[in-house]
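Novice: Structure supplied as query.txt; contents: compact mmCIF, C-alpha atoms and all ligand atoms.
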```txt
# COMPACT_ATOMS: atom_id res chain seq x y z
CA MET A 1 -11.37 -17.30 -3.87
CA GLY A 2 -9.97 -19.46 -1.10
CA GLY A 3 -6.75 -18.90 0.73
CA LEU A 4 -3.21 -19.11 -0.58
CA THR A 5 -1.84 -22.36 -1.92
CA GLU A 6 1.19 -23.76 -0.12
CA ALA A 7 3.40 -22.54 -2.97
CA GLN A 8 1.96 -19.01 -2.79
CA LYS A 9 2.44 -18.91 0.97
CA ALA A 10 6.04 -20.09 0.54
CA ASP A 11 6.60 -17.33 -2.05
CA TYR A 12 5.15 -14.74 0.30
CA ASP A 13 7.27 -15.89 3.23
CA ARG A 14 10.46 -15.97 1.14
CA ASP A 15 10.00 -12.87 -1.03
CA GLY A 16 7.66 -10.71 1.03
CA PHE A 17 5.13 -10.52 -1.78
CA VAL A 18 2.92 -12.69 -3.92
CA VAL A 19 0.84 -11.93 -7.01
CA LEU A 20 -2.72 -13.26 -7.23
CA THR A 21 -3.66 -13.04 -10.89
CA GLY A 22 -7.36 -13.01 -11.72
CA ALA A 23 -8.34 -12.05 -8.20
CA LEU A 24 -10.61 -9.28 -9.52
CA SER A 25 -13.09 -9.65 -12.36
CA ALA A 26 -12.93 -7.26 -15.31
CA ALA A 27 -16.27 -5.86 -14.15
CA GLU A 28 -14.90 -5.16 -10.67
CA CYS A 29 -11.91 -3.36 -12.19
CA ASP A 30 -13.88 -1.33 -14.71
CA ARG A 31 -16.49 -0.29 -12.16
CA PHE A 32 -13.93 1.26 -9.85
CA VAL A 33 -11.94 2.93 -12.61
CA GLU A 34 -15.10 4.50 -14.01
CA HIS A 35 -16.00 5.72 -10.52
CA MET A 36 -12.59 7.33 -10.09
CA LEU A 37 -12.55 8.93 -13.53
CA ASP A 38 -16.02 10.33 -12.86
CA LEU A 39 -14.86 11.78 -9.56
CA HIS A 40 -11.75 13.25 -11.15
CA ALA A 41 -13.75 14.82 -13.98
CA GLY A 42 -16.36 16.21 -11.58
CA ARG A 43 -19.13 14.13 -13.17
CA LYS A 44 -19.72 12.63 -9.74
CA LYS A 45 -19.66 14.48 -6.45
CA LEU A 46 -18.74 12.99 -3.12
CA ASP A 47 -18.46 14.82 0.20
CA GLY A 48 -14.89 14.43 1.42
CA PHE A 49 -13.33 13.89 -2.01
CA GLU A 50 -10.40 16.19 -2.71
CA LEU A 51 -8.79 16.16 -6.11
CA ARG A 52 -5.48 17.60 -5.15
CA GLN A 53 -3.70 16.31 -2.10
CA PRO A 54 -1.89 18.98 -0.08
CA ASP A 55 1.51 17.33 -0.54
CA SER A 56 1.17 16.62 -4.23
CA ALA A 57 2.03 18.92 -7.09
CA ASN A 58 0.27 16.49 -9.39
CA GLU A 59 -3.48 16.91 -9.70
CA TRP A 60 -3.66 13.19 -10.47
CA GLY A 61 -2.15 12.62 -7.02
CA ARG A 62 -3.53 9.98 -4.75
CA THR A 63 -6.58 9.89 -2.56
CA HIS A 64 -6.05 9.04 1.08
CA ASN A 65 -8.44 7.00 3.20
CA GLN A 66 -11.17 7.32 0.64
CA HIS A 67 -13.07 4.47 2.34
CA VAL A 68 -13.91 6.89 5.16
CA TYR A 69 -16.23 8.90 2.92
CA ASP A 70 -16.81 6.60 -0.06
CA SER A 71 -18.84 3.41 0.35
CA MET A 72 -17.42 1.97 -2.88
CA ALA A 73 -13.85 2.36 -1.64
CA LEU A 74 -14.89 0.68 1.61
CA GLU A 75 -16.42 -2.16 -0.39
CA TYR A 76 -13.10 -2.67 -2.20
CA LEU A 77 -11.13 -2.51 1.05
CA ILE A 78 -13.02 -5.53 2.33
CA LEU A 79 -13.67 -7.43 -0.90
CA PRO A 80 -14.59 -10.99 0.14
CA GLN A 81 -11.94 -12.63 -2.06
CA LEU A 82 -9.16 -10.80 -0.16
CA GLN A 83 -10.11 -12.13 3.26
CA ALA A 84 -8.60 -15.63 3.20
CA PRO A 85 -5.35 -14.72 1.40
CA LEU A 86 -4.73 -11.87 3.85
CA HIS A 87 -5.44 -14.17 6.76
CA ASP A 88 -2.94 -16.68 5.41
CA CYS A 89 -0.25 -14.03 5.12
CA MET A 90 -0.83 -12.54 8.57
CA GLY A 91 -1.83 -15.62 10.53
CA ASP A 92 -4.70 -13.57 11.95
CA ASP A 93 -7.87 -11.89 10.74
CA ALA A 94 -7.03 -8.78 8.74
CA GLU A 95 -8.60 -5.43 9.48
CA GLY A 96 -8.58 -2.78 6.74
CA ILE A 97 -7.15 0.52 7.93
CA GLN A 98 -6.01 2.56 4.93
CA THR A 99 -6.84 3.08 1.25
CA MET A 100 -4.94 5.05 -1.38
CA TYR A 101 -6.04 5.38 -4.99
CA PHE A 102 -3.59 6.19 -7.77
CA TRP A 103 -4.80 7.25 -11.22
CA GLN A 104 -1.15 7.30 -12.29
CA GLY A 105 2.11 5.87 -11.02
CA SER A 106 3.47 7.52 -7.89
CA GLU A 107 7.23 7.41 -8.52
CA GLN A 108 7.39 7.36 -4.73
CA ARG A 109 10.84 6.76 -3.26
CA ARG A 110 11.87 3.60 -1.42
CA HIS A 111 10.12 2.99 1.85
CA GLN A 112 8.70 0.35 4.16
CA ASP A 113 5.01 0.71 4.97
CA GLN A 114 5.47 -0.49 8.54
CA TYR A 115 7.45 2.65 9.28
CA TYR A 116 4.19 4.56 8.96
CA LEU A 117 1.75 1.79 9.79
CA PRO A 118 3.31 -0.63 12.31
CA GLY A 119 2.34 -4.26 11.77
CA CYS A 120 0.66 -3.62 8.41
CA MET A 121 0.60 -5.43 5.10
CA SER A 122 -0.75 -4.35 1.75
CA ALA A 123 -3.11 -5.56 -0.96
CA TRP A 124 -2.37 -3.61 -4.14
CA LEU A 125 -5.27 -3.93 -6.56
CA ALA A 126 -4.37 -3.47 -10.24
CA PHE A 127 -7.44 -2.36 -12.17
CA ILE A 128 -5.56 -2.21 -15.48
CA ASP A 129 -2.37 -3.86 -16.79
CA VAL A 130 0.54 -2.39 -14.84
CA SER A 131 4.06 -2.39 -16.21
CA ARG A 132 7.20 -0.31 -16.29
CA GLN A 133 5.50 1.81 -18.95
CA ASN A 134 2.91 3.20 -16.55
CA GLY A 135 5.15 3.09 -13.49
CA THR A 136 4.68 -0.10 -11.55
CA ILE A 137 6.13 -0.73 -8.10
CA TRP A 138 9.61 -2.14 -7.66
CA VAL A 139 10.30 -4.41 -4.70
CA GLN A 140 13.41 -5.86 -3.09
CA PRO A 141 12.45 -9.52 -2.58
CA GLY A 142 13.40 -10.82 0.86
CA SER A 143 13.97 -7.35 2.31
CA HIS A 144 11.06 -7.88 4.73
CA ARG A 145 13.31 -10.36 6.56
CA GLN A 146 16.05 -7.75 6.97
CA ARG A 147 15.96 -4.61 9.07
CA LEU A 148 12.80 -2.55 9.46
CA LEU A 149 13.62 1.12 9.98
CA THR A 150 11.40 2.57 12.71
CA LYS A 151 10.79 5.97 14.27
CA ALA A 152 13.35 5.11 16.95
CA ASP A 153 16.09 5.01 14.29
CA PHE A 154 15.42 8.67 13.51
CA ALA A 155 15.05 9.91 17.08
CA ASN A 156 17.91 11.51 18.98
CA GLY A 157 20.40 8.70 19.61
CA GLY A 158 19.07 6.55 16.78
CA GLU A 159 21.37 5.39 13.97
CA PHE A 160 19.64 7.57 11.37
CA PHE A 161 19.09 10.66 13.50
CA GLU A 162 18.82 13.69 11.18
CA TRP A 163 18.79 11.50 8.06
CA ASP A 164 16.15 11.98 5.42
CA TYR A 165 13.86 8.94 5.74
CA ASN A 166 14.03 7.87 2.08
CA ASP A 167 17.82 8.30 1.99
CA ALA A 168 18.02 5.99 5.00
CA VAL A 169 15.89 3.36 3.26
CA ASP A 170 18.14 3.61 0.20
CA GLU A 171 21.08 2.96 2.53
CA GLN A 172 19.30 -0.03 4.07
CA PHE A 173 18.47 -1.26 0.55
CA ARG A 174 22.22 -1.22 -0.24
CA ARG A 175 23.09 -2.96 3.01
CA ASN A 176 20.55 -5.68 2.25
CA GLN A 177 22.43 -6.43 -0.95
CA VAL A 178 25.76 -7.01 0.80
CA GLY A 179 26.67 -10.68 0.61
CA GLY A 180 23.68 -11.38 -1.61
CA GLN A 181 21.34 -11.67 1.37
CA VAL A 182 18.41 -10.68 -0.76
CA ALA A 183 17.59 -10.82 -4.44
CA ASP A 184 17.89 -7.88 -6.83
CA GLU A 185 15.13 -5.29 -6.94
CA VAL A 186 12.44 -6.29 -9.44
CA PRO A 187 9.49 -4.56 -11.13
CA VAL A 188 6.12 -6.13 -10.38
CA GLU A 189 4.41 -6.23 -13.76
CA VAL A 190 0.91 -7.66 -13.56
CA PRO A 191 -2.20 -7.99 -15.71
CA LYS A 192 -5.46 -6.24 -14.99
CA GLY A 193 -7.36 -7.93 -12.16
CA SER A 194 -4.24 -8.92 -10.20
CA VAL A 195 -3.78 -8.32 -6.49
CA VAL A 196 -0.25 -8.00 -5.14
CA LEU A 197 -0.05 -8.91 -1.47
CA PHE A 198 3.03 -7.53 0.18
CA HIS A 199 4.57 -7.45 3.62
CA GLY A 200 4.75 -4.12 5.41
CA ALA A 201 8.51 -4.38 5.92
CA LEU A 202 9.23 -5.00 2.22
CA VAL A 203 11.42 -2.29 0.70
CA HIS A 204 9.56 -0.94 -2.33
CA ARG A 205 9.07 2.16 -4.45
CA GLY A 206 6.96 3.52 -7.24
CA GLY A 207 9.00 3.06 -10.39
CA GLN A 208 9.73 5.64 -13.03
CA ILE A 209 6.85 6.17 -15.46
CA LEU A 210 8.39 5.33 -18.83
CA GLN A 211 5.34 6.56 -20.71
CA PRO A 212 4.64 9.98 -19.20
CA GLY A 213 0.98 10.80 -18.71
CA SER A 214 -0.14 7.17 -18.85
CA GLU A 215 -2.87 6.05 -16.50
CA ARG A 216 -2.21 3.43 -13.82
CA HIS A 217 -5.34 2.64 -11.88
CA VAL A 218 -4.44 1.02 -8.57
CA LEU A 219 -6.05 0.90 -5.16
CA ALA A 220 -3.50 0.27 -2.40
CA ASN A 221 -5.21 -1.17 0.67
CA HIS A 222 -3.48 -1.60 3.99
CA TYR A 223 -4.38 -4.01 6.77
CA ILE A 224 -3.29 -4.86 10.29
CA PRO A 225 -3.88 -8.03 12.29
CA TYR A 226 -6.93 -8.11 14.52
CA GLY A 227 -4.71 -8.96 17.49
CA LEU A 228 -2.48 -5.90 17.11
CA ASP A 229 -3.11 -3.69 20.13
CA ASP A 230 -0.03 -1.49 19.94
CA TRP A 231 -1.40 0.62 17.11
CA PRO A 232 -0.59 4.35 16.97
CA HIS A 233 -3.36 5.55 14.64
CA THR A 234 -6.07 5.20 17.18
CA SER A 235 -8.44 7.65 15.51
CA TRP A 236 -8.57 5.43 12.43
CA THR A 237 -11.37 2.94 12.05
CA ARG A 238 -10.49 -0.76 11.76
CA HIS A 239 -12.71 -2.55 9.24
CA ALA A 240 -13.31 -6.28 9.54
CA PHE A 241 -14.40 -8.32 6.55
CA ASP A 242 -17.81 -8.95 8.15
CA GLY A 243 -18.45 -5.21 7.92
CA SER A 244 -17.98 -4.48 11.61
CA VAL A 245 -15.90 -1.46 12.61
CA ARG A 246 -13.91 -0.60 15.70
CA ARG A 247 -11.27 1.76 16.96
CA HIS A 248 -8.59 0.31 19.16
CA PRO A 249 -7.36 1.42 21.58
CA GLU A 250 -8.77 4.86 22.42
CA PRO A 251 -8.92 7.44 19.60
CA ASP A 252 -6.44 10.26 19.31
CA THR A 253 -5.87 12.79 16.54
CA HIS A 254 -2.70 11.33 15.08
CA LYS A 255 -2.66 11.19 11.30
CA GLU A 256 0.01 9.76 9.05
CA ARG A 257 0.23 7.74 5.88
CA SER A 258 2.70 5.67 4.00
O1 LIG A 301 1.63 2.28 -6.11
C1 LIG A 301 2.60 3.00 -5.92
O2 LIG A 301 3.16 3.61 -6.82
C2 LIG A 301 3.16 3.14 -4.54
C3 LIG A 301 2.40 2.35 -3.55
C4 LIG A 301 3.08 2.30 -2.25
O3 LIG A 301 4.23 2.61 -2.12
C5 LIG A 301 2.36 1.83 -1.08
O4 LIG A 301 1.19 1.43 -1.19
O5 LIG A 301 2.95 1.84 0.01
```
Would you mind writing the structure in this file as structure tokens?
Ligand SMILES: O=C(O)CCC(=O)C(=O)O
Specialist:
Amino acid sequence: MGGLTEAQKADYDRDGFVVLTGALSAAECDRFVEHMLDLHAGRKKLDGFELRQPDSANEWGRTHNQHVYDSMALEYLILPQLQAPLHDCMGDDAEGIQTMYFWQGSEQRRHQDQYYLPGCMSAWLAFIDVSRQNGTIWVQPGSHRQRLLTKADFANGGEFFEWDYNDAVDEQFRRNQVGGQVADEVPVEVPKGSVVLFHGALVHRGGQILQPGSERHVLANHYIPYGLDDWPHTSWTRHAFDGSVRRHPEPDTHKERS
């Protein structure tokens, strides 16, 4: 796959997201889903794999930074067909920094990924059809051009000091709607094999799962631009599409996720 068409780039710039249908073959989708179901069922063992995340009551919760211990997850973080579209969105080479796998919808509250991962954008890989039934993501188109809430907003003296983070994003979501500055929130319903590229300042959430218990196989990859030096997660590896790896700047022990 080449880069984005002019129309796709215009959509991304205006809305903060763009859907690339057919970006993944059925074989690529099925291979990863089978891998994840095998891991979940214990048919496959992998050092580093934890079924239940500490902050999740749901045993189908997500994996976090699976690419660190799983070569297949790393392969899907830097799939060749993602390289040019990500470059077109960022205007720089993308480096993969985070992976999260979801067997089911997350129903995660509204947030902006750049709060956790400054400068990032996302490639959300749908390995099966994703709809409101199995809890797709909802996005507020154009919200990436409005205010990004940052850590400073929640520090002493910041506008949202002592606010719950997700409540504050809900408030920003409402403010964005004043005067029709942005479009209404929409569900992103996509067929198997689609990749949703979205901006790290886009307000989004995991939608309600209308069919409880349904599977929703998605790998959410996050990337930052090669030229980003002011990066807090310095212990994390930065993966280029040529397979090279670096940390930048010096490692620390900070750990956080979106
Ligand atoms: O896929 C989901 O339900 C949530 C994904 C998400 O919020 C993210 O990748 O930041």
Novice: Which residues are close to A:Ser25, i.e. within 12 Å by all atoms listed in the file, leaving aside same-chain residues fewer than 5 positions away? Reply as a list of chain:residue names.
Specialist: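 Counting only the stated atoms, we get A:Met1, A:Asp30, A:Arg31, A:Phe32, A:Leu79, A:Gln81, A:Leu125, A:Ala126, A:Phe127, A:Ile128, A:Pro191, A:Lys192, A:Gly193, A:Ser194, A:Val195.
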Novice: Residues within 10 Å of ligand LIG 301 (chain A), counting only C-alpha atoms and all ligand atoms: report them as a PyMOL selection string.
Specialist: chain A and resi 62+98-114+116-117+121-126+130+134-139+198+200+202-209+216-222+257-258
Novice: So how far away is atom CA of A:Asp184 from atom CA of A:Ala7, in Å?
Specialist: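 Answer for the atom CA of A:Ala7 to atom CA of A:Asp184 separation: 21.0 Å.
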Novice: Check the smallest atom-to-atom distance from each of A:Pro118, A:Glu185, A:Gly179, A:Phe160 to A:Pro232 using only C-alpha atoms, then report the winner.
Specialist: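 Of the candidates, the smallest distance to A:Pro232 is held by A:Pro118.
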Novice: Expressed in Å to a single decimal, how great is the separation between atom CA of A:Pro225 and atom CA of A:Gln83?
Specialist: 11.7 Å
Novice: Take atom CA of A:His64 and atom CA of A:Leu228 and report the distance between them in Å, one decimal.
Specialist: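 Spanning atom CA of A:His64 to atom CA of A:Leu228 is a straight-line distance of 22.2 Å.
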Novice: Would you pick out the contacts of A:Gly142 at 9 Å or less, using only C-alpha atoms, so that residues sharing its chain but fewer than 5 positions from it are not included, and give the list as a PDB file with C-alpha atoms, in the frame of the given file?
Specialist:
```
ATOM      1  CA  ASP A  13       7.270 -15.890   3.230  1.00  0.00           C
ATOM      2  CA  ARG A  14      10.460 -15.970   1.140  1.00  0.00           C
ATOM      3  CA  ASP A  15      10.000 -12.870  -1.030  1.00  0.00           C
ATOM      4  CA  GLY A  16       7.660 -10.710   1.030  1.00  0.00           C
ATOM      5  CA  PHE A  17       5.130 -10.520  -1.780  1.00  0.00           C
ATOM      6  CA  ASN A 176      20.550  -5.680   2.250  1.00  0.00           C
ATOM      7  CA  GLN A 181      21.340 -11.670   1.370  1.00  0.00           C
ATOM      8  CA  VAL A 182      18.410 -10.680  -0.760  1.00  0.00           C
ATOM      9  CA  ALA A 183      17.590 -10.820  -4.440  1.00  0.00           C
ATOM     10  CA  LEU A 202       9.230  -5.000   2.220  1.00  0.00           C
ATOM     11  CA  VAL A 203      11.420  -2.290   0.700  1.00  0.00           C
TER      12      VAL A 203
END
```
Novice: May I have the protein, DNA and RNA residues with any atom at most 10 Å from the point (-13.1, -3.0, 6.9), counting all atoms listed in the file, written as a PDB file with C-alpha atoms, in the coordinates of the input?
Specialist:
```
ATOM      1  CA  HIS A  67     -13.070   4.470   2.340  1.00  0.00           C
ATOM      2  CA  LEU A  74     -14.890   0.680   1.610  1.00  0.00           C
ATOM      3  CA  GLU A  75     -16.420  -2.160  -0.390  1.00  0.00           C
ATOM      4  CA  TYR A  76     -13.100  -2.670  -2.200  1.00  0.00           C
ATOM      5  CA  LEU A  77     -11.130  -2.510   1.050  1.00  0.00           C
ATOM      6  CA  ILE A  78     -13.020  -5.530   2.330  1.00  0.00           C
ATOM      7  CA  LEU A  79     -13.670  -7.430  -0.900  1.00  0.00           C
ATOM      8  CA  ALA A  94      -7.030  -8.780   8.740  1.00  0.00           C
ATOM      9  CA  GLU A  95      -8.600  -5.430   9.480  1.00  0.00           C
ATOM     10  CA  GLY A  96      -8.580  -2.780   6.740  1.00  0.00           C
ATOM     11  CA  ILE A  97      -7.150   0.520   7.930  1.00  0.00           C
ATOM     12  CA  GLN A  98      -6.010   2.560   4.930  1.00  0.00           C
ATOM     13  CA  TYR A 223      -4.380  -4.010   6.770  1.00  0.00           C
ATOM     14  CA  THR A 237     -11.370   2.940  12.050  1.00  0.00           C
ATOM     15  CA  ARG A 238     -10.490  -0.760  11.760  1.00  0.00           C
ATOM     16  CA  HIS A 239     -12.710  -2.550   9.240  1.00  0.00           C
ATOM     17  CA  ALA A 240     -13.310  -6.280   9.540  1.00  0.00           C
ATOM     18  CA  PHE A 241     -14.400  -8.320   6.550  1.00  0.00           C
ATOM     19  CA  ASP A 242     -17.810  -8.950   8.150  1.00  0.00           C
ATOM     20  CA  GLY A 243     -18.450  -5.210   7.920  1.00  0.00           C
ATOM     21  CA  SER A 244     -17.980  -4.480  11.610  1.00  0.00           C
ATOM     22  CA  VAL A 245     -15.900  -1.460  12.610  1.00  0.00           C
ATOM     23  CA  ARG A 246     -13.910  -0.600  15.700  1.00  0.00           C
TER      24      ARG A 246
END
```
